[in-house]
Amino acid sequence: MTESPYWNPRHETMSRAEIEALQVRKLRKLLDWTEAQVPYHSKRLQDAGVTADSINSLDDLRRIPFMTREEWMDGQLEQPPYGPILAAPEESAIRYHLTSGTTGKTPIRVLDSMKDWEWIAEMWCYGFWGFGIRPGDTVFFAFSYGTFVGFWGAHYACEKMGCLVLPGGNMTTEGRVKQILDMNATVVCSTPTYALRMAQEARNLGIDLVNGPVKRLILSGEPAGSIPATKKLIEDQWGAKAGDTAGMTELGTIMMFECEQQPGGTHIIEDHYIEEVIDPQTGDPVAYGEPGERVVTSFGRGFIPVIRYRTRDLVLKIPAANCSCGRTFDIYEGGIRGRVDDMKLVRGTNVYPRAVEAIVREYDSIDEFQIHLYTAEGIRDEIEVLVEIPDPASDSDRIAAELQTSLSEAHEGLRFAVRQVDNESLPRFELKAKRVLDEREIAGGAGERKQA
Ligand SMILES: [Zn+2]
């Protein structure tokens, strides 16, 4: 098995027709089970006139109603603590997890069975194996082992593959960097932001990561793992290859991973999921190459059926043939490109934080940044980018001016301010970075009002 570049050689190289036939078979099974176990879903399916038997092709999938996060949250509030969505008695669960939580939103609570966890690890195995990690590797997890699901499944995947696991929870950044070196870790798992944070700490400590033992980084938790400039920065600072993955608490694991060929995107694990891309406004499917919202159907969940779940993740799907690895799993070019809701409207121009990050990361001398939106003079939306430029030898005025021009040019001439702030004054994140501070009196409102 060590010879194959694929974790599941048969499934990862199936023809499109075979993949779709497999998905239809699994979908019927999923609906059968859901109808029998979850009255809440059974009623939703019945209302839509869908039965397992009536699914004959993937087109029939579109007759199934979407499930939104709001519906999931409402269900939890009405029927605490889990809502009406469990397919098995609470007592048979072995693990509890919680979404990392966005301000003002009720976190989603998730229960799992032992079978879920076998599947969760299996999904990560596709990703780790596909990125070239093998039983001889020593894998360090820069991850706080808590109720946020994060890299939990990846930890078990590494054990399953036979790697040596170094669980780096509850440690300082300095402690983590030193242990990575002391234990000759060949693989490091973290968020993209924290990979940069560790590299910065290594520089402060006078540690040379580039000539160190780490050969691969597995990134997750933020879109930046597929932003070319950020990825390059991480790879240069670590002297290692960085592979992107993406998952979600509602699934407990990843649904896509970057292969060793690094095609500039992530392969979708299509034998275990159906991933649709829709227009977030109309709900209609969009074609290959067009941006839209991810909708996921999972075949692996054993405790909570996930069927046509609207993720609000912004993606762009391209055919598998765009990668040379031989996998037949389609690709999300650029991984997860942010959230459908991330877009900010500033004086009539759309600003995606990811696009801003891609430009800021072109500047090696900028260590950390933040996008700040505010209302000037009570009426006008303003956008500024705060930057830290730690090296006193760099010409920070010139860098700020150049960055200002590039940002403006990429946004239809929208005026950006770029302001240098004190070193290490901006927040650092171990989990999901929040680099947008929107302090406008009416967020996005001033621009919308003017347009109306
Ligand atoms: Zn590939």
# chains A, B, ... in the order shown; residues from 1 in each chain; ligands from 1
$ residues_around --residues "Pro89 (chain A)" --least-positions-apart "2" --cutoff "12 Å" --atoms "only C-alpha atoms" --output "mmCIF file with all heavy atoms, in the first residue's frame"
data_model
loop_
_atom_site.group_PDB
_atom_site.id
_atom_site.type_symbol
_atom_site.label_atom_id
_atom_site.label_comp_id
_atom_site.auth_asym_id
_atom_site.auth_seq_id
_atom_site.Cartn_x
_atom_site.Cartn_y
_atom_site.Cartn_z
ATOM 1 N N GLN A 37 -35.163 6.938 11.083
ATOM 2 C CA GLN A 37 -34.606 7.301 12.396
ATOM 3 C C GLN A 37 -34.940 8.705 12.877
ATOM 4 O O GLN A 37 -34.873 8.978 14.071
ATOM 5 C CB GLN A 37 -33.065 7.163 12.356
ATOM 6 C CG GLN A 37 -32.560 5.765 12.083
ATOM 7 C CD GLN A 37 -32.970 4.795 13.167
ATOM 8 O OE1 GLN A 37 -32.983 5.118 14.342
ATOM 9 N NE2 GLN A 37 -33.348 3.601 12.768
ATOM 10 N N VAL A 38 -35.205 9.639 11.961
ATOM 11 C CA VAL A 38 -35.353 11.033 12.382
ATOM 12 C C VAL A 38 -36.684 11.600 11.892
ATOM 13 O O VAL A 38 -36.796 12.045 10.751
ATOM 14 C CB VAL A 38 -34.184 11.907 11.839
ATOM 15 C CG1 VAL A 38 -34.196 13.277 12.506
ATOM 16 C CG2 VAL A 38 -32.842 11.213 11.998
ATOM 17 N N TYR A 82 -29.876 19.356 21.714
ATOM 18 C CA TYR A 82 -29.357 18.976 20.392
ATOM 19 C C TYR A 82 -30.319 19.257 19.236
ATOM 20 O O TYR A 82 -29.939 19.227 18.075
ATOM 21 C CB TYR A 82 -28.959 17.489 20.365
ATOM 22 C CG TYR A 82 -27.918 17.178 21.397
ATOM 23 C CD1 TYR A 82 -28.242 16.480 22.562
ATOM 24 C CD2 TYR A 82 -26.614 17.641 21.239
ATOM 25 C CE1 TYR A 82 -27.286 16.233 23.540
ATOM 26 C CE2 TYR A 82 -25.664 17.403 22.212
ATOM 27 C CZ TYR A 82 -26.009 16.701 23.353
ATOM 28 O OH TYR A 82 -25.067 16.485 24.305
ATOM 29 N N PRO A 84 -34.032 18.330 17.109
ATOM 30 C CA PRO A 84 -34.748 17.104 16.725
ATOM 31 C C PRO A 84 -34.034 16.291 15.648
ATOM 32 O O PRO A 84 -34.675 15.614 14.870
ATOM 33 C CB PRO A 84 -36.068 17.669 16.177
ATOM 34 C CG PRO A 84 -35.675 18.994 15.590
ATOM 35 C CD PRO A 84 -34.506 19.516 16.370
ATOM 36 N N ILE A 85 -32.704 16.363 15.613
ATOM 37 C CA ILE A 85 -31.998 15.840 14.437
ATOM 38 C C ILE A 85 -31.181 14.574 14.709
ATOM 39 O O ILE A 85 -30.517 14.079 13.812
ATOM 40 C CB ILE A 85 -31.052 16.914 13.876
ATOM 41 C CG1 ILE A 85 -30.202 17.476 14.992
ATOM 42 C CG2 ILE A 85 -31.841 18.029 13.202
ATOM 43 C CD1 ILE A 85 -28.957 18.117 14.524
ATOM 44 N N LEU A 86 -31.240 14.061 15.938
ATOM 45 C CA LEU A 86 -30.415 12.886 16.242
ATOM 46 C C LEU A 86 -31.046 11.615 15.667
ATOM 47 O O LEU A 86 -32.253 11.420 15.751
ATOM 48 C CB LEU A 86 -30.247 12.720 17.751
ATOM 49 C CG LEU A 86 -29.573 13.857 18.511
ATOM 50 C CD1 LEU A 86 -29.404 13.473 19.974
ATOM 51 C CD2 LEU A 86 -28.211 14.200 17.894
ATOM 52 N N ALA A 87 -30.196 10.764 15.133
ATOM 53 C CA ALA A 87 -30.664 9.501 14.560
ATOM 54 C C ALA A 87 -30.431 8.336 15.511
ATOM 55 O O ALA A 87 -30.699 7.186 15.168
ATOM 56 C CB ALA A 87 -29.956 9.242 13.235
ATOM 57 N N GLU A 91 -27.728 8.528 24.704
ATOM 58 C CA GLU A 91 -26.898 7.678 25.576
ATOM 59 C C GLU A 91 -25.857 6.896 24.787
ATOM 60 O O GLU A 91 -24.848 6.455 25.335
ATOM 61 C CB GLU A 91 -27.763 6.664 26.360
ATOM 62 C CG GLU A 91 -28.877 7.265 27.181
ATOM 63 C CD GLU A 91 -30.082 7.657 26.317
ATOM 64 O OE1 GLU A 91 -30.737 6.765 25.749
ATOM 65 O OE2 GLU A 91 -30.314 8.875 26.183
ATOM 66 N N SER A 92 -26.101 6.696 23.500
ATOM 67 C CA SER A 92 -25.136 5.883 22.752
ATOM 68 C C SER A 92 -24.000 6.733 22.161
ATOM 69 O O SER A 92 -23.123 6.212 21.481
ATOM 70 C CB SER A 92 -25.850 5.093 21.652
ATOM 71 O OG SER A 92 -26.524 5.985 20.793
ATOM 72 N N ALA A 93 -24.009 8.027 22.444
ATOM 73 C CA ALA A 93 -22.930 8.881 21.934
ATOM 74 C C ALA A 93 -21.663 8.694 22.751
ATOM 75 O O ALA A 93 -21.716 8.379 23.938
ATOM 76 C CB ALA A 93 -23.354 10.338 21.978
ATOM 77 N N ILE A 94 -20.534 8.898 22.091
ATOM 78 C CA ILE A 94 -19.270 8.803 22.828
ATOM 79 C C ILE A 94 -18.511 10.124 22.808
ATOM 80 O O ILE A 94 -17.476 10.262 23.436
ATOM 81 C CB ILE A 94 -18.352 7.705 22.248
ATOM 82 C CG1 ILE A 94 -18.073 7.973 20.769
ATOM 83 C CG2 ILE A 94 -18.936 6.326 22.473
ATOM 84 C CD1 ILE A 94 -16.664 7.723 20.369
ATOM 85 N N LEU A 111 -23.151 15.409 18.370
ATOM 86 C CA LEU A 111 -22.793 14.163 19.050
ATOM 87 C C LEU A 111 -22.299 13.151 18.029
ATOM 88 O O LEU A 111 -22.730 13.152 16.878
ATOM 89 C CB LEU A 111 -24.014 13.564 19.758
ATOM 90 C CG LEU A 111 -24.540 14.253 21.016
ATOM 91 C CD1 LEU A 111 -25.710 13.455 21.566
ATOM 92 C CD2 LEU A 111 -23.441 14.395 22.061
ATOM 93 N N ASP A 112 -21.397 12.282 18.476
ATOM 94 C CA ASP A 112 -20.876 11.251 17.583
ATOM 95 C C ASP A 112 -20.870 9.891 18.255
ATOM 96 O O ASP A 112 -20.769 9.781 19.467
ATOM 97 C CB ASP A 112 -19.411 11.542 17.200
ATOM 98 C CG ASP A 112 -19.217 12.932 16.668
ATOM 99 O OD1 ASP A 112 -19.854 13.267 15.670
ATOM 100 O OD2 ASP A 112 -18.424 13.680 17.263
ATOM 101 N N SER A 113 -20.906 8.874 17.401
ATOM 102 C CA SER A 113 -20.737 7.492 17.867
ATOM 103 C C SER A 113 -19.310 7.046 17.554
ATOM 104 O O SER A 113 -18.562 7.762 16.891
ATOM 105 C CB SER A 113 -21.721 6.581 17.136
ATOM 106 O OG SER A 113 -21.380 6.545 15.756
ATOM 107 N N GLY A 302 -22.952 9.152 11.414
ATOM 108 C CA GLY A 302 -23.723 8.047 11.969
ATOM 109 C C GLY A 302 -24.707 8.481 13.029
ATOM 110 O O GLY A 302 -25.515 7.688 13.512
ATOM 111 N N PHE A 303 -24.661 9.708 13.436
ATOM 112 C CA PHE A 303 -25.508 10.177 14.543
ATOM 113 C C PHE A 303 -26.434 11.295 14.087
ATOM 114 O O PHE A 303 -27.525 11.458 14.610
ATOM 115 C CB PHE A 303 -24.612 10.691 15.681
ATOM 116 C CG PHE A 303 -25.031 10.209 17.028
ATOM 117 C CD1 PHE A 303 -24.470 9.083 17.594
ATOM 118 C CD2 PHE A 303 -26.015 10.881 17.744
ATOM 119 C CE1 PHE A 303 -24.864 8.629 18.842
ATOM 120 C CE2 PHE A 303 -26.422 10.436 18.990
ATOM 121 C CZ PHE A 303 -25.853 9.310 19.542
ATOM 122 N N ILE A 304 -25.955 12.090 13.142
ATOM 123 C CA ILE A 304 -26.724 13.237 12.661
ATOM 124 C C ILE A 304 -26.665 13.252 11.127
ATOM 125 O O ILE A 304 -25.605 13.476 10.560
ATOM 126 C CB ILE A 304 -26.137 14.559 13.199
ATOM 127 C CG1 ILE A 304 -26.205 14.582 14.730
ATOM 128 C CG2 ILE A 304 -26.856 15.760 12.591
ATOM 129 C CD1 ILE A 304 -25.473 15.740 15.354
#
$ select_by_dssp --residues "region 245-435 of chain A" --states "helix (DSSP H, G or I)" --output "VMD selection string"
chain A and resid 320 to 322 340 to 342 353 to 360 396 to 410
$ closest_atom_pairs --of "chain A" --to "ligand 1" --cutoff "7 Å" --atoms "only C-alpha atoms and all ligand atoms" --output "CSV"
residue,atom,partner,partner_atom_place_in_ligand_line,distance
A:Glu258,CA,ligand 1,1 (Zn),6.8
A:Cys259,CA,ligand 1,1 (Zn),4.7
A:Glu260,CA,ligand 1,1 (Zn),6.7
A:Gln261,CA,ligand 1,1 (Zn),5.5
A:Gln262,CA,ligand 1,1 (Zn),6.7
A:Pro263,CA,ligand 1,1 (Zn),6.1
A:His267,CA,ligand 1,1 (Zn),6.6
A:Cys323,CA,ligand 1,1 (Zn),4.7
A:Ser324,CA,ligand 1,1 (Zn),5.9
A:Cys325,CA,ligand 1,1 (Zn),4.2
A:Gly326,CA,ligand 1,1 (Zn),6.5
A:Arg327,CA,ligand 1,1 (Zn),5.8
$ write_last_selection --atoms "N, CA and C atoms" --output "PDB file, in the first residue's frame"
ATOM      1  N   GLU A 258      -5.732  18.878  -0.328  1.00  0.00           N
ATOM      2  CA  GLU A 258      -4.810  19.153  -1.424  1.00  0.00           C
ATOM      3  C   GLU A 258      -3.896  17.943  -1.595  1.00  0.00           C
ATOM      4  N   CYS A 259      -3.664  17.532  -2.841  1.00  0.00           N
ATOM      5  CA  CYS A 259      -2.778  16.395  -3.079  1.00  0.00           C
ATOM      6  C   CYS A 259      -1.345  16.893  -3.243  1.00  0.00           C
ATOM      7  N   GLU A 260      -0.423  15.940  -3.372  1.00  0.00           N
ATOM      8  CA  GLU A 260       1.004  16.292  -3.469  1.00  0.00           C
ATOM      9  C   GLU A 260       1.351  17.128  -4.690  1.00  0.00           C
ATOM     10  N   GLN A 261       0.508  17.046  -5.723  1.00  0.00           N
ATOM     11  CA  GLN A 261       0.780  17.842  -6.936  1.00  0.00           C
ATOM     12  C   GLN A 261       0.472  19.320  -6.714  1.00  0.00           C
ATOM     13  N   GLN A 262      -0.171  19.638  -5.619  1.00  0.00           N
ATOM     14  CA  GLN A 262      -0.536  21.019  -5.269  1.00  0.00           C
ATOM     15  C   GLN A 262      -1.155  21.775  -6.449  1.00  0.00           C
ATOM     16  N   PRO A 263      -2.360  21.343  -6.866  1.00  0.00           N
ATOM     17  CA  PRO A 263      -2.977  21.937  -8.055  1.00  0.00           C
ATOM     18  C   PRO A 263      -3.573  23.331  -7.835  1.00  0.00           C
ATOM     19  N   HIS A 267      -8.988  18.582  -3.629  1.00  0.00           N
ATOM     20  CA  HIS A 267      -9.866  17.540  -4.169  1.00  0.00           C
ATOM     21  C   HIS A 267     -11.012  17.277  -3.189  1.00  0.00           C
ATOM     22  N   CYS A 323      -5.846  18.519 -12.420  1.00  0.00           N
ATOM     23  CA  CYS A 323      -4.699  18.093 -11.619  1.00  0.00           C
ATOM     24  C   CYS A 323      -4.063  16.881 -12.284  1.00  0.00           C
ATOM     25  N   SER A 324      -2.727  16.769 -12.147  1.00  0.00           N
ATOM     26  CA  SER A 324      -2.004  15.687 -12.816  1.00  0.00           C
ATOM     27  C   SER A 324      -1.855  14.440 -11.950  1.00  0.00           C
ATOM     28  N   CYS A 325      -2.480  14.425 -10.770  1.00  0.00           N
ATOM     29  CA  CYS A 325      -2.241  13.304  -9.848  1.00  0.00           C
ATOM     30  C   CYS A 325      -2.981  12.040 -10.245  1.00  0.00           C
ATOM     31  N   GLY A 326      -3.961  12.159 -11.138  1.00  0.00           N
ATOM     32  CA  GLY A 326      -4.705  10.977 -11.559  1.00  0.00           C
ATOM     33  C   GLY A 326      -5.984  10.743 -10.785  1.00  0.00           C
ATOM     34  N   ARG A 327      -6.208  11.529  -9.743  1.00  0.00           N
ATOM     35  CA  ARG A 327      -7.479  11.383  -9.020  1.00  0.00           C
ATOM     36  C   ARG A 327      -8.612  11.859  -9.921  1.00  0.00           C
TER      37      ARG A 327
END
$ atom_distance --atom1 "CA of Met123 (chain A)" --atom2 "CA of Ser226 (chain A)"
19.2 Å
$ residues_around --residues "Ile336 (chain A)" --least-positions-apart "6" --cutoff "9 Å" --atoms "only C-alpha atoms" --output "ChimeraX atom specification"
/A:222-226,246,265-266,313-316
$ write_last_selection --atoms "N, CA, C and O atoms" --output "PDB file, in the first residue's frame"
ATOM      1  N   GLU A 222      -8.825  27.788   8.177  1.00  0.00           N
ATOM      2  CA  GLU A 222      -8.987  29.112   7.577  1.00  0.00           C
ATOM      3  C   GLU A 222      -8.799  28.986   6.072  1.00  0.00           C
ATOM      4  O   GLU A 222      -8.080  28.115   5.614  1.00  0.00           O
ATOM      5  N   PRO A 223      -9.393  29.910   5.312  1.00  0.00           N
ATOM      6  CA  PRO A 223      -9.236  29.849   3.855  1.00  0.00           C
ATOM      7  C   PRO A 223      -7.795  30.050   3.379  1.00  0.00           C
ATOM      8  O   PRO A 223      -7.448  29.613   2.290  1.00  0.00           O
ATOM      9  N   ALA A 224      -6.952  30.666   4.207  1.00  0.00           N
ATOM     10  CA  ALA A 224      -5.636  31.102   3.727  1.00  0.00           C
ATOM     11  C   ALA A 224      -4.731  29.984   3.210  1.00  0.00           C
ATOM     12  O   ALA A 224      -3.795  30.242   2.469  1.00  0.00           O
ATOM     13  N   GLY A 225      -5.020  28.713   3.576  1.00  0.00           N
ATOM     14  CA  GLY A 225      -4.171  27.615   3.128  1.00  0.00           C
ATOM     15  C   GLY A 225      -4.124  27.474   1.617  1.00  0.00           C
ATOM     16  O   GLY A 225      -3.232  26.829   1.066  1.00  0.00           O
ATOM     17  N   SER A 226      -5.079  28.073   0.938  1.00  0.00           N
ATOM     18  CA  SER A 226      -5.059  28.029  -0.529  1.00  0.00           C
ATOM     19  C   SER A 226      -4.862  29.415  -1.147  1.00  0.00           C
ATOM     20  O   SER A 226      -4.985  29.566  -2.348  1.00  0.00           O
ATOM     21  N   ALA A 246      -9.883  21.267   4.333  1.00  0.00           N
ATOM     22  CA  ALA A 246     -10.990  22.016   4.934  1.00  0.00           C
ATOM     23  C   ALA A 246     -12.055  21.060   5.428  1.00  0.00           C
ATOM     24  O   ALA A 246     -12.369  20.063   4.776  1.00  0.00           O
ATOM     25  N   GLY A 265      -5.621  24.000  -5.361  1.00  0.00           N
ATOM     26  CA  GLY A 265      -6.972  23.768  -4.861  1.00  0.00           C
ATOM     27  C   GLY A 265      -7.024  22.444  -4.127  1.00  0.00           C
ATOM     28  O   GLY A 265      -5.997  21.793  -3.916  1.00  0.00           O
ATOM     29  N   THR A 266      -8.236  22.037  -3.773  1.00  0.00           N
ATOM     30  CA  THR A 266      -8.408  20.840  -2.949  1.00  0.00           C
ATOM     31  C   THR A 266      -9.363  19.862  -3.636  1.00  0.00           C
ATOM     32  O   THR A 266     -10.403  20.268  -4.159  1.00  0.00           O
ATOM     33  N   ASP A 313     -20.136  28.601   2.671  1.00  0.00           N
ATOM     34  CA  ASP A 313     -18.750  28.687   2.168  1.00  0.00           C
ATOM     35  C   ASP A 313     -18.767  29.051   0.689  1.00  0.00           C
ATOM     36  O   ASP A 313     -19.545  28.502  -0.089  1.00  0.00           O
ATOM     37  N   LEU A 314     -17.857  29.950   0.330  1.00  0.00           N
ATOM     38  CA  LEU A 314     -17.744  30.376  -1.059  1.00  0.00           C
ATOM     39  C   LEU A 314     -16.685  29.507  -1.760  1.00  0.00           C
ATOM     40  O   LEU A 314     -15.550  29.408  -1.281  1.00  0.00           O
ATOM     41  N   VAL A 315     -17.070  28.860  -2.869  1.00  0.00           N
ATOM     42  CA  VAL A 315     -16.152  27.960  -3.589  1.00  0.00           C
ATOM     43  C   VAL A 315     -16.299  28.108  -5.100  1.00  0.00           C
ATOM     44  O   VAL A 315     -17.250  28.728  -5.578  1.00  0.00           O
ATOM     45  N   LEU A 316     -15.351  27.497  -5.810  1.00  0.00           N
ATOM     46  CA  LEU A 316     -15.407  27.461  -7.278  1.00  0.00           C
ATOM     47  C   LEU A 316     -14.897  26.094  -7.712  1.00  0.00           C
ATOM     48  O   LEU A 316     -13.740  25.746  -7.481  1.00  0.00           O
TER      49      LEU A 316
END
$ residues_around --residues "Val188 (chain A)" --least-positions-apart "5" --cutoff "12 Å" --atoms "only C-alpha atoms" --output "VMD selection string"
chain A and resid 128 133 137 to 143 151 154 to 155 158 164 to 168 176 to 177 179 to 181 183 194 to 195 198 to 199 209 212 to 220 234 to 235 238 240 to 243
$ write_last_selection --atoms "C-alpha atoms" --output "PDB file, in the first residue's frame"
ATOM      1  CA  PHE A 128      -2.679  13.005   4.875  1.00  0.00           C
ATOM      2  CA  ILE A 133       2.533  11.517   4.724  1.00  0.00           C
ATOM      3  CA  ASP A 137       6.415  10.377   9.842  1.00  0.00           C
ATOM      4  CA  THR A 138       6.347  12.157  13.193  1.00  0.00           C
ATOM      5  CA  VAL A 139       3.396  14.548  13.308  1.00  0.00           C
ATOM      6  CA  PHE A 140       3.128  17.523  15.648  1.00  0.00           C
ATOM      7  CA  PHE A 141      -0.320  19.000  16.319  1.00  0.00           C
ATOM      8  CA  ALA A 142      -0.258  22.703  17.202  1.00  0.00           C
ATOM      9  CA  PHE A 143      -3.828  22.451  18.371  1.00  0.00           C
ATOM     10  CA  PHE A 151      -7.562  18.482  14.239  1.00  0.00           C
ATOM     11  CA  ALA A 154      -6.432  14.170  12.034  1.00  0.00           C
ATOM     12  CA  HIS A 155      -4.813  12.965  15.262  1.00  0.00           C
ATOM     13  CA  CYS A 158      -2.185   9.610  12.004  1.00  0.00           C
ATOM     14  CA  LEU A 164       4.118   8.944  15.651  1.00  0.00           C
ATOM     15  CA  VAL A 165       1.763  11.598  17.059  1.00  0.00           C
ATOM     16  CA  LEU A 166       2.945  14.553  19.169  1.00  0.00           C
ATOM     17  CA  PRO A 167      -0.168  16.145  20.699  1.00  0.00           C
ATOM     18  CA  GLY A 168       0.836  19.780  21.218  1.00  0.00           C
ATOM     19  CA  ARG A 176       5.769  24.096  20.532  1.00  0.00           C
ATOM     20  CA  VAL A 177       8.577  25.330  18.289  1.00  0.00           C
ATOM     21  CA  GLN A 179       9.362  20.437  20.738  1.00  0.00           C
ATOM     22  CA  ILE A 180       9.006  20.307  16.946  1.00  0.00           C
ATOM     23  CA  LEU A 181      12.797  20.612  16.706  1.00  0.00           C
ATOM     24  CA  MET A 183      11.411  15.582  18.543  1.00  0.00           C
ATOM     25  CA  TYR A 194      -0.522  29.934  13.463  1.00  0.00           C
ATOM     26  CA  ALA A 195       2.048  28.447  11.078  1.00  0.00           C
ATOM     27  CA  MET A 198       5.343  29.760  14.949  1.00  0.00           C
ATOM     28  CA  ALA A 199       7.770  30.802  12.207  1.00  0.00           C
ATOM     29  CA  LEU A 209      13.238  26.178  10.546  1.00  0.00           C
ATOM     30  CA  GLY A 212      15.011  21.803  10.279  1.00  0.00           C
ATOM     31  CA  PRO A 213      13.243  18.423  10.204  1.00  0.00           C
ATOM     32  CA  VAL A 214       9.775  19.582   9.053  1.00  0.00           C
ATOM     33  CA  LYS A 215       8.998  18.520   5.478  1.00  0.00           C
ATOM     34  CA  ARG A 216       5.239  19.058   5.341  1.00  0.00           C
ATOM     35  CA  LEU A 217       2.605  21.247   6.929  1.00  0.00           C
ATOM     36  CA  ILE A 218      -1.069  20.348   6.957  1.00  0.00           C
ATOM     37  CA  LEU A 219      -3.164  23.476   7.162  1.00  0.00           C
ATOM     38  CA  SER A 220      -6.808  23.746   8.143  1.00  0.00           C
ATOM     39  CA  ILE A 234       4.467  29.667   4.970  1.00  0.00           C
ATOM     40  CA  GLU A 235       6.431  27.313   2.700  1.00  0.00           C
ATOM     41  CA  TRP A 238       9.319  26.626   7.100  1.00  0.00           C
ATOM     42  CA  ALA A 240       8.424  22.727   3.791  1.00  0.00           C
ATOM     43  CA  LYS A 241       5.461  21.960   1.546  1.00  0.00           C
ATOM     44  CA  ALA A 242       2.103  23.171   2.821  1.00  0.00           C
ATOM     45  CA  GLY A 243      -1.093  21.289   1.999  1.00  0.00           C
TER      46      GLY A 243
END
$ closest_residue --among "A:Arg16, A:Arg62, A:Arg398, A:Arg415" --to "Glu382 (chain A)" --atoms "only C-alpha atoms"
A:Arg415
$ select_by_dssp --residues "region 32-133 of chain A" --states "strand (DSSP E)" --output "ChimeraX atom specification"
/A:95-98,109-112
$ residues_around --residues "Gly146 (chain A)" --least-positions-apart "2" --cutoff "10 Å" --atoms "only C-alpha atoms" --output "ChimeraX atom specification"
/A:97-98,143-144,148-152,169-170
$ closest_residue --among "A:Val351, A:Glu384, A:Ser15, A:Gly175" --to "Ala321 (chain A)" --atoms "only C-alpha atoms"
A:Ser15
$ decode --residues "region 53-58 of chain A" --atoms "all heavy atoms" --output "PDB file, in the first residue's frame"
ATOM      1  N   ASP A  53     -36.790   5.579  -2.513  1.00  0.00           N
ATOM      2  CA  ASP A  53     -37.023   4.847  -3.767  1.00  0.00           C
ATOM      3  C   ASP A  53     -37.136   5.758  -4.982  1.00  0.00           C
ATOM      4  O   ASP A  53     -36.920   5.322  -6.110  1.00  0.00           O
ATOM      5  CB  ASP A  53     -38.340   4.042  -3.671  1.00  0.00           C
ATOM      6  CG  ASP A  53     -38.216   2.947  -2.638  1.00  0.00           C
ATOM      7  OD1 ASP A  53     -37.059   2.612  -2.293  1.00  0.00           O
ATOM      8  OD2 ASP A  53     -39.254   2.450  -2.170  1.00  0.00           O
ATOM      9  N   SER A  54     -37.510   7.024  -4.732  1.00  0.00           N
ATOM     10  CA  SER A  54     -37.714   7.923  -5.876  1.00  0.00           C
ATOM     11  C   SER A  54     -36.417   8.574  -6.350  1.00  0.00           C
ATOM     12  O   SER A  54     -36.425   9.380  -7.268  1.00  0.00           O
ATOM     13  CB  SER A  54     -38.732   9.004  -5.513  1.00  0.00           C
ATOM     14  OG  SER A  54     -38.174   9.918  -4.582  1.00  0.00           O
ATOM     15  N   ILE A  55     -35.302   8.202  -5.710  1.00  0.00           N
ATOM     16  CA  ILE A  55     -34.005   8.761  -6.138  1.00  0.00           C
ATOM     17  C   ILE A  55     -33.403   7.828  -7.187  1.00  0.00           C
ATOM     18  O   ILE A  55     -33.012   6.699  -6.874  1.00  0.00           O
ATOM     19  CB  ILE A  55     -33.030   8.901  -4.936  1.00  0.00           C
ATOM     20  CG1 ILE A  55     -33.613   9.819  -3.858  1.00  0.00           C
ATOM     21  CG2 ILE A  55     -31.650   9.366  -5.397  1.00  0.00           C
ATOM     22  CD1 ILE A  55     -33.668  11.284  -4.211  1.00  0.00           C
ATOM     23  N   ASN A  56     -33.348   8.269  -8.414  1.00  0.00           N
ATOM     24  CA  ASN A  56     -32.793   7.433  -9.478  1.00  0.00           C
ATOM     25  C   ASN A  56     -31.532   7.992 -10.104  1.00  0.00           C
ATOM     26  O   ASN A  56     -30.792   7.290 -10.781  1.00  0.00           O
ATOM     27  CB  ASN A  56     -33.846   7.229 -10.563  1.00  0.00           C
ATOM     28  CG  ASN A  56     -35.029   6.438 -10.026  1.00  0.00           C
ATOM     29  OD1 ASN A  56     -34.836   5.362  -9.453  1.00  0.00           O
ATOM     30  ND2 ASN A  56     -36.223   6.989 -10.150  1.00  0.00           N
ATOM     31  N   SER A  57     -31.305   9.295  -9.903  1.00  0.00           N
ATOM     32  CA  SER A  57     -30.088   9.901 -10.443  1.00  0.00           C
ATOM     33  C   SER A  57     -29.734  11.083  -9.549  1.00  0.00           C
ATOM     34  O   SER A  57     -30.510  11.460  -8.664  1.00  0.00           O
ATOM     35  CB  SER A  57     -30.321  10.396 -11.871  1.00  0.00           C
ATOM     36  OG  SER A  57     -31.100  11.579 -11.827  1.00  0.00           O
ATOM     37  N   LEU A  58     -28.558  11.657  -9.808  1.00  0.00           N
ATOM     38  CA  LEU A  58     -28.141  12.792  -8.981  1.00  0.00           C
ATOM     39  C   LEU A  58     -29.049  13.997  -9.173  1.00  0.00           C
ATOM     40  O   LEU A  58     -29.162  14.839  -8.284  1.00  0.00           O
ATOM     41  CB  LEU A  58     -26.684  13.167  -9.275  1.00  0.00           C
ATOM     42  CG  LEU A  58     -25.619  12.279  -8.636  1.00  0.00           C
ATOM     43  CD1 LEU A  58     -24.241  12.866  -8.869  1.00  0.00           C
ATOM     44  CD2 LEU A  58     -25.861  12.096  -7.133  1.00  0.00           C
TER      45      LEU A  58
END
